[in-house]
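To be precise, the following lines are structure.pdb, and they hold PDB, C-alpha atoms, pLDDT in the B column.
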ATOM      1  CA  LEU A   1     -11.033  13.606   2.905  1.00 64.00           C
ATOM      2  CA  ALA A   2      -7.264  13.329   2.777  1.00 69.00           C
ATOM      3  CA  LYS A   3      -5.494  13.668  -0.553  1.00 81.00           C
ATOM      4  CA  THR A   4      -1.845  12.984  -1.209  1.00 88.00           C
ATOM      5  CA  THR A   5      -0.091  14.309  -4.311  1.00 92.00           C
ATOM      6  CA  GLN A   6       3.289  13.247  -5.636  1.00 95.00           C
ATOM      7  CA  PRO A   7       5.127  13.609  -8.974  1.00 96.00           C
ATOM      8  CA  ILE A   8       4.334  10.960 -11.555  1.00 95.00           C
ATOM      9  CA  SER A   9       7.958  10.273 -12.497  1.00 96.00           C
ATOM     10  CA  MET A  10      11.560  11.276 -11.863  1.00 97.00           C
ATOM     11  CA  ASP A  11      14.892  10.459 -13.480  1.00 97.00           C
ATOM     12  CA  SER A  12      18.256  10.396 -11.741  1.00 97.00           C
ATOM     13  CA  TYR A  13      21.806   9.327 -12.501  1.00 97.00           C
ATOM     14  CA  GLU A  14      23.514   6.681 -10.431  1.00 97.00           C
ATOM     15  CA  GLY A  15      25.259   8.026  -7.347  1.00 96.00           C
ATOM     16  CA  GLN A  16      23.049  11.094  -7.005  1.00 97.00           C
ATOM     17  CA  GLU A  17      20.775  11.896  -4.091  1.00 97.00           C
ATOM     18  CA  VAL A  18      17.077  11.762  -4.974  1.00 98.00           C
ATOM     19  CA  ASN A  19      14.330  13.659  -3.175  1.00 98.00           C
ATOM     20  CA  ILE A  20      10.677  12.774  -3.759  1.00 98.00           C
ATOM     21  CA  THR A  21       8.088  15.083  -2.224  1.00 97.00           C
ATOM     22  CA  CYS A  22       4.495  14.304  -1.355  1.00 96.00           C
ATOM     23  CA  SER A  23       1.953  16.962  -0.425  1.00 95.00           C
ATOM     24  CA  HIS A  24      -0.598  16.094   2.242  1.00 89.00           C
ATOM     25  CA  ASN A  25      -3.904  17.866   1.959  1.00 79.00           C
ATOM     26  CA  ASN A  26      -5.940  17.908   5.164  1.00 78.00           C
ATOM     27  CA  ILE A  27      -3.460  16.020   7.334  1.00 81.00           C
ATOM     28  CA  ALA A  28      -4.889  15.267  10.773  1.00 80.00           C
ATOM     29  CA  THR A  29      -3.148  15.411  14.138  1.00 79.00           C
ATOM     30  CA  ASN A  30      -2.915  11.627  14.423  1.00 77.00           C
ATOM     31  CA  ASP A  31      -1.798  10.948  10.845  1.00 84.00           C
ATOM     32  CA  TYR A  32       1.563   9.314  10.190  1.00 88.00           C
ATOM     33  CA  ILE A  33       3.449   9.415   6.893  1.00 91.00           C
ATOM     34  CA  THR A  34       4.852   6.204   5.479  1.00 92.00           C
ATOM     35  CA  TRP A  35       6.757   5.569   2.260  1.00 95.00           C
ATOM     36  CA  TYR A  36       6.718   2.287   0.344  1.00 95.00           C
ATOM     37  CA  GLN A  37       8.787   0.984  -2.565  1.00 97.00           C
ATOM     38  CA  GLN A  38       7.335  -1.275  -5.241  1.00 96.00           C
ATOM     39  CA  PHE A  39       9.119  -3.283  -7.920  1.00 96.00           C
ATOM     40  CA  PRO A  40       7.250  -4.709 -10.932  1.00 92.00           C
ATOM     41  CA  SER A  41       5.098  -7.757 -10.128  1.00 91.00           C
ATOM     42  CA  GLN A  42       5.709  -7.386  -6.394  1.00 94.00           C
ATOM     43  CA  GLY A  43       3.805  -5.942  -3.470  1.00 95.00           C
ATOM     44  CA  PRO A  44       4.844  -2.649  -1.883  1.00 95.00           C
ATOM     45  CA  ARG A  45       7.637  -2.819   0.672  1.00 95.00           C
ATOM     46  CA  PHE A  46       8.055  -0.514   3.682  1.00 92.00           C
ATOM     47  CA  ILE A  47      10.892   2.020   3.482  1.00 94.00           C
ATOM     48  CA  ILE A  48      10.418   4.540   6.266  1.00 93.00           C
ATOM     49  CA  GLN A  49       7.806   6.203   8.478  1.00 91.00           C
ATOM     50  CA  GLY A  50       7.602   9.472  10.389  1.00 89.00           C
ATOM     51  CA  TYR A  51       5.357  11.944  12.183  1.00 88.00           C
ATOM     52  CA  LYS A  52       7.396  15.170  12.075  1.00 84.00           C
ATOM     53  CA  THR A  53      10.943  16.531  11.705  1.00 88.00           C
ATOM     54  CA  LYS A  54      13.487  14.047  10.406  1.00 93.00           C
ATOM     55  CA  VAL A  55      13.777  10.273  10.516  1.00 92.00           C
ATOM     56  CA  THR A  56      16.698   8.296   9.120  1.00 94.00           C
ATOM     57  CA  ASN A  57      17.275   4.594   8.686  1.00 92.00           C
ATOM     58  CA  GLU A  58      19.812   2.520   6.781  1.00 93.00           C
ATOM     59  CA  VAL A  59      18.221   3.119   3.376  1.00 93.00           C
ATOM     60  CA  ALA A  60      16.513   6.537   3.439  1.00 96.00           C
ATOM     61  CA  SER A  61      15.650   9.736   5.254  1.00 97.00           C
ATOM     62  CA  LEU A  62      12.242  11.296   5.700  1.00 96.00           C
ATOM     63  CA  PHE A  63      11.760  15.032   6.226  1.00 96.00           C
ATOM     64  CA  ILE A  64       8.446  16.370   7.494  1.00 93.00           C
ATOM     65  CA  PRO A  65       8.225  20.145   8.133  1.00 91.00           C
ATOM     66  CA  ALA A  66       6.508  21.645  11.150  1.00 90.00           C
ATOM     67  CA  ASP A  67       3.216  22.272   9.335  1.00 89.00           C
ATOM     68  CA  ARG A  68       3.234  18.619   8.147  1.00 89.00           C
ATOM     69  CA  LYS A  69       1.638  19.538   4.829  1.00 91.00           C
ATOM     70  CA  SER A  70       4.377  17.763   2.907  1.00 94.00           C
ATOM     71  CA  SER A  71       6.949  15.028   3.298  1.00 95.00           C
ATOM     72  CA  THR A  72      10.171  14.383   1.408  1.00 97.00           C
ATOM     73  CA  LEU A  73      11.728  10.980   0.931  1.00 98.00           C
ATOM     74  CA  SER A  74      15.475  11.237   0.422  1.00 98.00           C
ATOM     75  CA  LEU A  75      17.450   8.380  -1.134  1.00 97.00           C
ATOM     76  CA  PRO A  76      21.219   8.896  -0.862  1.00 94.00           C
ATOM     77  CA  ARG A  77      23.455   7.844  -3.764  1.00 93.00           C
ATOM     78  CA  VAL A  78      20.898   5.871  -5.767  1.00 97.00           C
ATOM     79  CA  SER A  79      21.858   2.795  -7.773  1.00 96.00           C
ATOM     80  CA  LEU A  80      20.163   1.010 -10.672  1.00 97.00           C
ATOM     81  CA  SER A  81      18.436  -1.286  -8.173  1.00 96.00           C
ATOM     82  CA  ASP A  82      16.535   1.707  -6.769  1.00 97.00           C
ATOM     83  CA  THR A  83      14.530   1.940 -10.001  1.00 98.00           C
ATOM     84  CA  ALA A  84      10.977   1.398  -8.722  1.00 97.00           C
ATOM     85  CA  VAL A  85       7.703   3.135  -7.914  1.00 96.00           C
ATOM     86  CA  TYR A  86       7.583   4.979  -4.600  1.00 97.00           C
ATOM     87  CA  TYR A  87       4.314   5.595  -2.743  1.00 96.00           C
ATOM     88  CA  CYS A  88       3.595   7.930   0.136  1.00 94.00           C
ATOM     89  CA  LEU A  89       0.859   6.952   2.550  1.00 91.00           C
ATOM     90  CA  GLN A  90      -1.022   9.214   4.926  1.00 88.00           C
ATOM     91  CA  ALA A  91      -2.760   7.195   7.624  1.00 84.00           C
ATOM     92  CA  GLY A  92      -4.505   7.941  10.862  1.00 75.00           C
ATOM     93  CA  SER A  93      -7.893   8.724  12.388  1.00 66.00           C
ATOM     94  CA  TYR A  94      -9.316   5.686  10.588  1.00 65.00           C
ATOM     95  CA  GLN A  95      -8.447   6.944   7.140  1.00 74.00           C
ATOM     96  CA  LEU A  96      -5.704   5.667   4.909  1.00 81.00           C
ATOM     97  CA  THR A  97      -4.724   7.392   1.651  1.00 86.00           C
ATOM     98  CA  PHE A  98      -1.964   6.347  -0.733  1.00 90.00           C
ATOM     99  CA  GLY A  99      -0.463   8.706  -3.269  1.00 92.00           C
ATOM    100  CA  LYS A 100      -0.581   7.601  -6.906  1.00 94.00           C
ATOM    101  CA  GLY A 101       3.106   6.756  -6.934  1.00 95.00           C
ATOM    102  CA  THR A 102       6.323   8.242  -8.345  1.00 97.00           C
ATOM    103  CA  LYS A 103       8.181   6.147 -10.884  1.00 96.00           C
ATOM    104  CA  LEU A 104      11.915   6.638 -10.279  1.00 98.00           C
ATOM    105  CA  SER A 105      14.237   5.694 -13.129  1.00 98.00           C
ATOM    106  CA  VAL A 106      17.938   5.524 -12.309  1.00 97.00           C
ATOM    107  CA  ILE A 107      20.193   6.058 -15.315  1.00 96.00           C
ATOM    108  CA  PRO A 108      23.693   4.558 -15.550  1.00 94.00           C
TER     109      PRO A 108
ATOM    110  CA  ASN B   1       8.120 -17.315   7.828  1.00 75.00           C
ATOM    111  CA  ALA B   2       6.343 -17.218   4.480  1.00 82.00           C
ATOM    112  CA  GLY B   3       4.952 -13.762   5.320  1.00 94.00           C
ATOM    113  CA  VAL B   4       1.817 -12.877   3.338  1.00 97.00           C
ATOM    114  CA  THR B   5       0.834 -15.314   0.597  1.00 97.00           C
ATOM    115  CA  GLN B   6      -1.818 -14.859  -2.077  1.00 97.00           C
ATOM    116  CA  THR B   7      -3.377 -17.291  -4.534  1.00 97.00           C
ATOM    117  CA  PRO B   8      -3.847 -17.409  -7.425  1.00 97.00           C
ATOM    118  CA  LYS B   9      -1.187 -15.198  -9.038  1.00 96.00           C
ATOM    119  CA  PHE B  10      -3.257 -14.740 -12.198  1.00 97.00           C
ATOM    120  CA  GLN B  11      -6.943 -15.236 -12.967  1.00 97.00           C
ATOM    121  CA  VAL B  12      -9.204 -14.601 -15.938  1.00 97.00           C
ATOM    122  CA  LEU B  13     -12.962 -14.479 -15.380  1.00 97.00           C
ATOM    123  CA  LYS B  14     -15.986 -13.876 -17.535  1.00 97.00           C
ATOM    124  CA  THR B  15     -18.470 -11.196 -16.592  1.00 97.00           C
ATOM    125  CA  GLY B  16     -20.881 -12.504 -13.972  1.00 97.00           C
ATOM    126  CA  GLN B  17     -18.645 -15.250 -12.629  1.00 97.00           C
ATOM    127  CA  SER B  18     -17.754 -15.370  -8.955  1.00 96.00           C
ATOM    128  CA  MET B  19     -14.478 -16.295  -7.350  1.00 96.00           C
ATOM    129  CA  THR B  20     -12.458 -16.044  -4.146  1.00 97.00           C
ATOM    130  CA  LEU B  21      -8.984 -14.565  -3.843  1.00 98.00           C
ATOM    131  CA  GLN B  22      -7.081 -16.214  -1.042  1.00 98.00           C
ATOM    132  CA  CYS B  23      -4.792 -14.459   1.431  1.00 98.00           C
ATOM    133  CA  ALA B  24      -2.913 -15.968   4.353  1.00 98.00           C
ATOM    134  CA  GLN B  25      -0.289 -14.708   6.788  1.00 97.00           C
ATOM    135  CA  ASP B  26       1.840 -16.582   9.305  1.00 96.00           C
ATOM    136  CA  MET B  27       2.985 -13.625  11.423  1.00 94.00           C
ATOM    137  CA  ASN B  28       0.049 -13.725  13.856  1.00 94.00           C
ATOM    138  CA  HIS B  29      -1.011 -10.247  12.734  1.00 93.00           C
ATOM    139  CA  GLU B  30      -4.394  -8.978  13.871  1.00 93.00           C
ATOM    140  CA  TYR B  31      -4.878  -6.438  11.086  1.00 93.00           C
ATOM    141  CA  MET B  32      -5.418  -7.486   7.478  1.00 95.00           C
ATOM    142  CA  SER B  33      -6.481  -5.471   4.448  1.00 95.00           C
ATOM    143  CA  TRP B  34      -7.319  -5.852   0.781  1.00 97.00           C
ATOM    144  CA  TYR B  35      -6.306  -3.249  -1.790  1.00 96.00           C
ATOM    145  CA  ARG B  36      -6.745  -2.894  -5.501  1.00 97.00           C
ATOM    146  CA  GLN B  37      -4.139  -1.221  -7.674  1.00 96.00           C
ATOM    147  CA  ASP B  38      -5.090   0.343 -10.978  1.00 94.00           C
ATOM    148  CA  PRO B  39      -2.808   2.246 -13.375  1.00 86.00           C
ATOM    149  CA  GLY B  40      -2.471   5.876 -12.289  1.00 81.00           C
ATOM    150  CA  MET B  41      -4.660   5.312  -9.226  1.00 83.00           C
ATOM    151  CA  GLY B  42      -2.267   4.039  -6.586  1.00 86.00           C
ATOM    152  CA  LEU B  43      -3.630   1.593  -4.020  1.00 93.00           C
ATOM    153  CA  ARG B  44      -7.193   1.839  -2.786  1.00 93.00           C
ATOM    154  CA  LEU B  45      -8.532   0.080   0.285  1.00 92.00           C
ATOM    155  CA  ILE B  46     -11.386  -2.378  -0.368  1.00 95.00           C
ATOM    156  CA  HIS B  47     -12.042  -4.047   2.988  1.00 95.00           C
ATOM    157  CA  TYR B  48     -10.132  -4.546   6.177  1.00 92.00           C
ATOM    158  CA  SER B  49     -10.236  -6.616   9.357  1.00 94.00           C
ATOM    159  CA  VAL B  50      -9.046  -5.748  12.856  1.00 91.00           C
ATOM    160  CA  GLY B  51      -9.213  -9.334  14.085  1.00 92.00           C
ATOM    161  CA  ALA B  52     -10.966 -12.653  13.622  1.00 93.00           C
ATOM    162  CA  GLY B  53     -14.691 -12.121  13.188  1.00 94.00           C
ATOM    163  CA  ILE B  54     -14.416  -8.356  12.617  1.00 94.00           C
ATOM    164  CA  THR B  55     -14.419  -6.755   9.173  1.00 94.00           C
ATOM    165  CA  ASP B  56     -15.279  -3.343   7.766  1.00 91.00           C
ATOM    166  CA  GLN B  57     -15.472  -1.479   4.480  1.00 92.00           C
ATOM    167  CA  GLY B  58     -12.748   0.615   2.986  1.00 90.00           C
ATOM    168  CA  GLU B  59     -12.833   3.179   0.193  1.00 89.00           C
ATOM    169  CA  VAL B  60     -14.084   0.935  -2.653  1.00 94.00           C
ATOM    170  CA  PRO B  61     -16.066  -2.004  -1.182  1.00 95.00           C
ATOM    171  CA  ASN B  62     -18.849  -2.408  -3.769  1.00 96.00           C
ATOM    172  CA  GLY B  63     -18.864  -5.795  -5.494  1.00 96.00           C
ATOM    173  CA  TYR B  64     -16.614  -7.437  -2.909  1.00 97.00           C
ATOM    174  CA  ASN B  65     -17.243  -9.467   0.203  1.00 97.00           C
ATOM    175  CA  VAL B  66     -14.882 -10.572   2.981  1.00 97.00           C
ATOM    176  CA  SER B  67     -14.886 -12.699   6.108  1.00 96.00           C
ATOM    177  CA  ARG B  68     -12.285 -13.441   8.764  1.00 97.00           C
ATOM    178  CA  SER B  69     -12.886 -16.735  10.521  1.00 96.00           C
ATOM    179  CA  THR B  70      -9.254 -17.201  11.601  1.00 96.00           C
ATOM    180  CA  THR B  71      -6.355 -14.871  12.373  1.00 96.00           C
ATOM    181  CA  GLU B  72      -4.359 -16.320   9.466  1.00 97.00           C
ATOM    182  CA  ASP B  73      -6.815 -16.113   6.556  1.00 97.00           C
ATOM    183  CA  PHE B  74      -8.666 -13.233   4.934  1.00 98.00           C
ATOM    184  CA  PRO B  75     -10.338 -14.233   1.640  1.00 98.00           C
ATOM    185  CA  LEU B  76     -11.824 -11.698  -0.772  1.00 98.00           C
ATOM    186  CA  ARG B  77     -14.913 -12.746  -2.735  1.00 98.00           C
ATOM    187  CA  LEU B  78     -16.057 -11.261  -6.003  1.00 96.00           C
ATOM    188  CA  LEU B  79     -19.781 -11.866  -6.090  1.00 92.00           C
ATOM    189  CA  SER B  80     -20.473 -11.206  -9.782  1.00 96.00           C
ATOM    190  CA  ALA B  81     -17.357 -10.129 -11.652  1.00 96.00           C
ATOM    191  CA  ALA B  82     -17.472  -7.031 -13.849  1.00 97.00           C
ATOM    192  CA  PRO B  83     -14.856  -5.640 -16.274  1.00 97.00           C
ATOM    193  CA  SER B  84     -14.391  -2.687 -13.883  1.00 96.00           C
ATOM    194  CA  GLN B  85     -12.915  -5.152 -11.396  1.00 97.00           C
ATOM    195  CA  THR B  86      -9.973  -5.892 -13.684  1.00 97.00           C
ATOM    196  CA  SER B  87      -7.052  -4.935 -11.455  1.00 97.00           C
ATOM    197  CA  VAL B  88      -4.154  -6.164  -9.360  1.00 97.00           C
ATOM    198  CA  TYR B  89      -5.234  -7.112  -5.860  1.00 98.00           C
ATOM    199  CA  PHE B  90      -2.927  -6.936  -2.848  1.00 98.00           C
ATOM    200  CA  CYS B  91      -3.465  -8.330   0.603  1.00 98.00           C
ATOM    201  CA  ALA B  92      -1.568  -6.808   3.535  1.00 96.00           C
ATOM    202  CA  SER B  93      -1.197  -7.490   7.242  1.00 95.00           C
ATOM    203  CA  SER B  94       0.193  -5.675  10.261  1.00 92.00           C
ATOM    204  CA  TYR B  95       0.625  -6.355  13.957  1.00 88.00           C
ATOM    205  CA  SER B  96      -1.305  -3.274  15.005  1.00 82.00           C
ATOM    206  CA  SER B  97      -3.496  -0.730  13.291  1.00 79.00           C
ATOM    207  CA  PRO B  98      -2.063   0.900  10.154  1.00 75.00           C
ATOM    208  CA  TRP B  99      -4.450   3.829  10.367  1.00 70.00           C
ATOM    209  CA  THR B 100      -4.518   5.118  13.917  1.00 64.00           C
ATOM    210  CA  GLY B 101      -1.827   7.000  15.783  1.00 54.00           C
ATOM    211  CA  GLY B 102       1.391   5.032  15.854  1.00 54.00           C
ATOM    212  CA  SER B 103       0.716   3.661  12.406  1.00 57.00           C
ATOM    213  CA  ASP B 104       2.200   0.201  12.036  1.00 71.00           C
ATOM    214  CA  THR B 105       4.113  -1.156   9.041  1.00 83.00           C
ATOM    215  CA  GLN B 106       2.050  -3.202   6.616  1.00 90.00           C
ATOM    216  CA  TYR B 107       3.459  -6.316   4.954  1.00 93.00           C
ATOM    217  CA  PHE B 108       2.103  -6.904   1.470  1.00 96.00           C
ATOM    218  CA  GLY B 109       1.608 -10.118  -0.456  1.00 97.00           C
ATOM    219  CA  PRO B 110       2.816 -10.561  -4.060  1.00 96.00           C
ATOM    220  CA  GLY B 111      -0.565  -9.748  -5.580  1.00 97.00           C
ATOM    221  CA  THR B 112      -3.200 -11.386  -7.787  1.00 97.00           C
ATOM    222  CA  ARG B 113      -3.648 -10.065 -11.323  1.00 97.00           C
ATOM    223  CA  LEU B 114      -7.324 -10.388 -12.258  1.00 97.00           C
ATOM    224  CA  THR B 115      -8.798  -9.860 -15.706  1.00 97.00           C
ATOM    225  CA  VAL B 116     -12.554  -9.810 -16.216  1.00 97.00           C
ATOM    226  CA  LEU B 117     -13.706 -10.224 -19.819  1.00 96.00           C
TER     227      LEU B 117
END

Any chance you could put this one into structure tokens?
Amino acid sequence: LAKTTQPISMDSYEGQEVNITCSHNNIATNDYITWYQQFPSQGPRFIIQGYKTKVTNEVASLFIPADRKSSTLSLPRVSLSDTAVYYCLQAGSYQLTFGKGTKLSVIP
Amino acid sequence: NAGVTQTPKFQVLKTGQSMTLQCAQDMNHEYMSWYRQDPGMGLRLIHYSVGAGITDQGEVPNGYNVSRSTTEDFPLRLLSAAPSQTSVYFCASSYSSPWTGGSDTQYFGPGTRLTVL
């Protein structure tokens, strides 16, 4: 059974780059890694998805090493509005496992 | 597009009562799922559907029932509410499968906060 592990919380100052890492126990060949952002009283919202190496979009980058046993979400130059809970999701082969979430607090 | 909508936003039940949480999407998505979110536990999959008339169990299905008579709607029924079912419930939908190769993005509703006394 897949298990994803991520830090419970992180603090960062505005303008800094933030990296949140998730470890992926027992990742299967077909599994993709997806990261979601959640604000209080809202549903999770898609940020980025990848299979291996590096993926970049307008809001984040996702790094997945060759062994795929971890993934790192990178948020460039965070602002106060990036304060939220971030979830990694490992999905594939008819299993779907969310991490328990990392609460990111951005400090002015 | 309204996206994924859920009703009610809040609900308080007494132990043993039954109720239905409503979920609807207007994106013509085939795949729909129900999750529960508990403090420190992340999101856990309750039931899912791969299309109208087809449903299956997720990680934590006990005490819940689902049906999918139309593409748009995917209600979640609590048969006999228990305090352990106090949680925030999220419905999600996607165009294609979120758990096979080529995992598709899921769109989540705003959630229903349920308290069982």

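Taking atom CA of B:Thr112 and atom CA of B:Lys9 as endpoints, the distance between them is 4.5 Å.
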
Which residues are close to B:Gly16, i.e. within 9 Å by all atoms listed in the file, leaving aside same-chain residues fewer than 2 positions away? Reply as a PDB file with C-alpha atoms, keeping the file's coordinate frame.
ATOM      1  CA  LEU B  13     -12.962 -14.479 -15.380  1.00 97.00           C
ATOM      2  CA  LYS B  14     -15.986 -13.876 -17.535  1.00 97.00           C
ATOM      3  CA  SER B  18     -17.754 -15.370  -8.955  1.00 96.00           C
ATOM      4  CA  LEU B  79     -19.781 -11.866  -6.090  1.00 92.00           C
ATOM      5  CA  SER B  80     -20.473 -11.206  -9.782  1.00 96.00           C
ATOM      6  CA  ALA B  81     -17.357 -10.129 -11.652  1.00 96.00           C
ATOM      7  CA  ALA B  82     -17.472  -7.031 -13.849  1.00 97.00           C
TER       8      ALA B  82
END

Expected selection from the PyMOL selection byres ((chain B and resi 30) around 9), given as a ChimeraX atom specification: /B:28-29,31-32,49-52,71-72,93-97

Dump as CSV the rows for residues of stretch 32-116 of chain B within 12 Å of stretch 65-85 of chain A: closest atom pair and distance in Å with one decimal, all atoms listed in the file counted, ordered by chain and rising residue number.
residue,atom,partner,partner_atom,distance
B:Pro39,CA,A:Val85,CA,11.9
B:Gly40,CA,A:Val85,CA,11.4
B:Gly42,CA,A:Val85,CA,10.1

Residues of chain A were defined as contacting chain B if any atom lay at most 8 Å from it, counting only C-alpha atoms; please report them as a PDB file with C-alpha atoms, in the coordinates of the input.
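Result written to part_21.pdb:
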ATOM      1  CA  ASN A  30      -2.915  11.627  14.423  1.00 77.00           C
ATOM      2  CA  ASP A  31      -1.798  10.948  10.845  1.00 84.00           C
ATOM      3  CA  TYR A  32       1.563   9.314  10.190  1.00 88.00           C
ATOM      4  CA  SER A  41       5.098  -7.757 -10.128  1.00 91.00           C
ATOM      5  CA  GLN A  42       5.709  -7.386  -6.394  1.00 94.00           C
ATOM      6  CA  GLY A  43       3.805  -5.942  -3.470  1.00 95.00           C
ATOM      7  CA  PRO A  44       4.844  -2.649  -1.883  1.00 95.00           C
ATOM      8  CA  ARG A  45       7.637  -2.819   0.672  1.00 95.00           C
ATOM      9  CA  PHE A  46       8.055  -0.514   3.682  1.00 92.00           C
ATOM     10  CA  TYR A  87       4.314   5.595  -2.743  1.00 96.00           C
ATOM     11  CA  ALA A  91      -2.760   7.195   7.624  1.00 84.00           C
ATOM     12  CA  GLY A  92      -4.505   7.941  10.862  1.00 75.00           C
ATOM     13  CA  SER A  93      -7.893   8.724  12.388  1.00 66.00           C
ATOM     14  CA  TYR A  94      -9.316   5.686  10.588  1.00 65.00           C
ATOM     15  CA  GLN A  95      -8.447   6.944   7.140  1.00 74.00           C
ATOM     16  CA  LEU A  96      -5.704   5.667   4.909  1.00 81.00           C
ATOM     17  CA  THR A  97      -4.724   7.392   1.651  1.00 86.00           C
ATOM     18  CA  PHE A  98      -1.964   6.347  -0.733  1.00 90.00           C
ATOM     19  CA  GLY A  99      -0.463   8.706  -3.269  1.00 92.00           C
ATOM     20  CA  LYS A 100      -0.581   7.601  -6.906  1.00 94.00           C
ATOM     21  CA  GLY A 101       3.106   6.756  -6.934  1.00 95.00           C
TER      22      GLY A 101
END

Translate the PyMOL selection byres ((chain A and resi 108) around 8) into a concrete residue list for this structure, as a PDB file with C-alpha atoms, keeping the file's coordinate frame.
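Result file is result03.pdb:
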ATOM      1  CA  TYR A  13      21.806   9.327 -12.501  1.00 97.00           C
ATOM      2  CA  GLU A  14      23.514   6.681 -10.431  1.00 97.00           C
ATOM      3  CA  LEU A  80      20.163   1.010 -10.672  1.00 97.00           C
ATOM      4  CA  VAL A 106      17.938   5.524 -12.309  1.00 97.00           C
ATOM      5  CA  ILE A 107      20.193   6.058 -15.315  1.00 96.00           C
TER       6      ILE A 107
END

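Of the residues under consideration (B:Ser67, B:Pro75, B:Gln25, B:Gln85), B:Gln25 shows the shortest atom-to-atom contact distance to B:Gly3 when counting only C-alpha atoms.
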
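Between atom CA of A:Tyr36 and atom CA of A:Glu17 there is a distance of 17.6 Å.
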
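Closest approach to B:Tyr48 among B:Asn1, B:Thr86, B:Thr115, B:Ser33 is made by B:Ser33 (distances from only C-alpha atoms).
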
Is it possible to produce a file of stretch 40-45 of chain A from this structure, with all heavy atoms, as an mmCIF file, in the first residue's frame?
data_model
loop_
_atom_site.group_PDB
_atom_site.id
_atom_site.type_symbol
_atom_site.label_atom_id
_atom_site.label_comp_id
_atom_site.auth_asym_id
_atom_site.auth_seq_id
_atom_site.Cartn_x
_atom_site.Cartn_y
_atom_site.Cartn_z
ATOM 1 N N PRO A 40 -8.351 27.718 3.812
ATOM 2 C CA PRO A 40 -9.401 27.384 4.789
ATOM 3 C C PRO A 40 -10.798 27.477 4.185
ATOM 4 O O PRO A 40 -11.096 28.395 3.428
ATOM 5 C CB PRO A 40 -9.190 28.438 5.885
ATOM 6 C CG PRO A 40 -7.747 28.790 5.792
ATOM 7 C CD PRO A 40 -7.418 28.731 4.330
ATOM 8 N N SER A 41 -11.634 26.516 4.520
ATOM 9 C CA SER A 41 -13.038 26.453 4.096
ATOM 10 C C SER A 41 -13.206 26.334 2.581
ATOM 11 O O SER A 41 -14.259 26.709 2.041
ATOM 12 C CB SER A 41 -13.805 27.693 4.599
ATOM 13 O OG SER A 41 -13.740 27.756 6.001
ATOM 14 N N GLN A 42 -12.173 25.858 1.900
ATOM 15 C CA GLN A 42 -12.284 25.619 0.463
ATOM 16 C C GLN A 42 -11.804 24.209 0.135
ATOM 17 O O GLN A 42 -11.110 23.578 0.922
ATOM 18 C CB GLN A 42 -11.440 26.629 -0.323
ATOM 19 C CG GLN A 42 -11.914 28.069 -0.218
ATOM 20 C CD GLN A 42 -11.121 28.996 -1.113
ATOM 21 O OE1 GLN A 42 -10.522 28.565 -2.100
ATOM 22 N NE2 GLN A 42 -11.114 30.281 -0.785
ATOM 23 N N GLY A 43 -12.169 23.741 -1.055
ATOM 24 C CA GLY A 43 -11.661 22.465 -1.517
ATOM 25 C C GLY A 43 -10.256 22.615 -2.079
ATOM 26 O O GLY A 43 -9.830 23.711 -2.432
ATOM 27 N N PRO A 44 -9.514 21.515 -2.143
ATOM 28 C CA PRO A 44 -8.174 21.564 -2.730
ATOM 29 C C PRO A 44 -8.220 22.026 -4.183
ATOM 30 O O PRO A 44 -9.186 21.778 -4.902
ATOM 31 C CB PRO A 44 -7.697 20.107 -2.632
ATOM 32 C CG PRO A 44 -8.509 19.505 -1.542
ATOM 33 C CD PRO A 44 -9.846 20.176 -1.629
ATOM 34 N N ARG A 45 -7.132 22.694 -4.590
ATOM 35 C CA ARG A 45 -7.034 23.205 -5.949
ATOM 36 C C ARG A 45 -5.735 22.730 -6.563
ATOM 37 O O ARG A 45 -4.679 22.801 -5.945
ATOM 38 C CB ARG A 45 -7.080 24.739 -5.934
ATOM 39 C CG ARG A 45 -7.122 25.390 -7.289
ATOM 40 C CD ARG A 45 -7.214 26.899 -7.163
ATOM 41 N NE ARG A 45 -5.999 27.485 -6.626
ATOM 42 C CZ ARG A 45 -5.768 28.788 -6.524
ATOM 43 N NH1 ARG A 45 -6.696 29.633 -6.925
ATOM 44 N NH2 ARG A 45 -4.646 29.247 -6.029
#
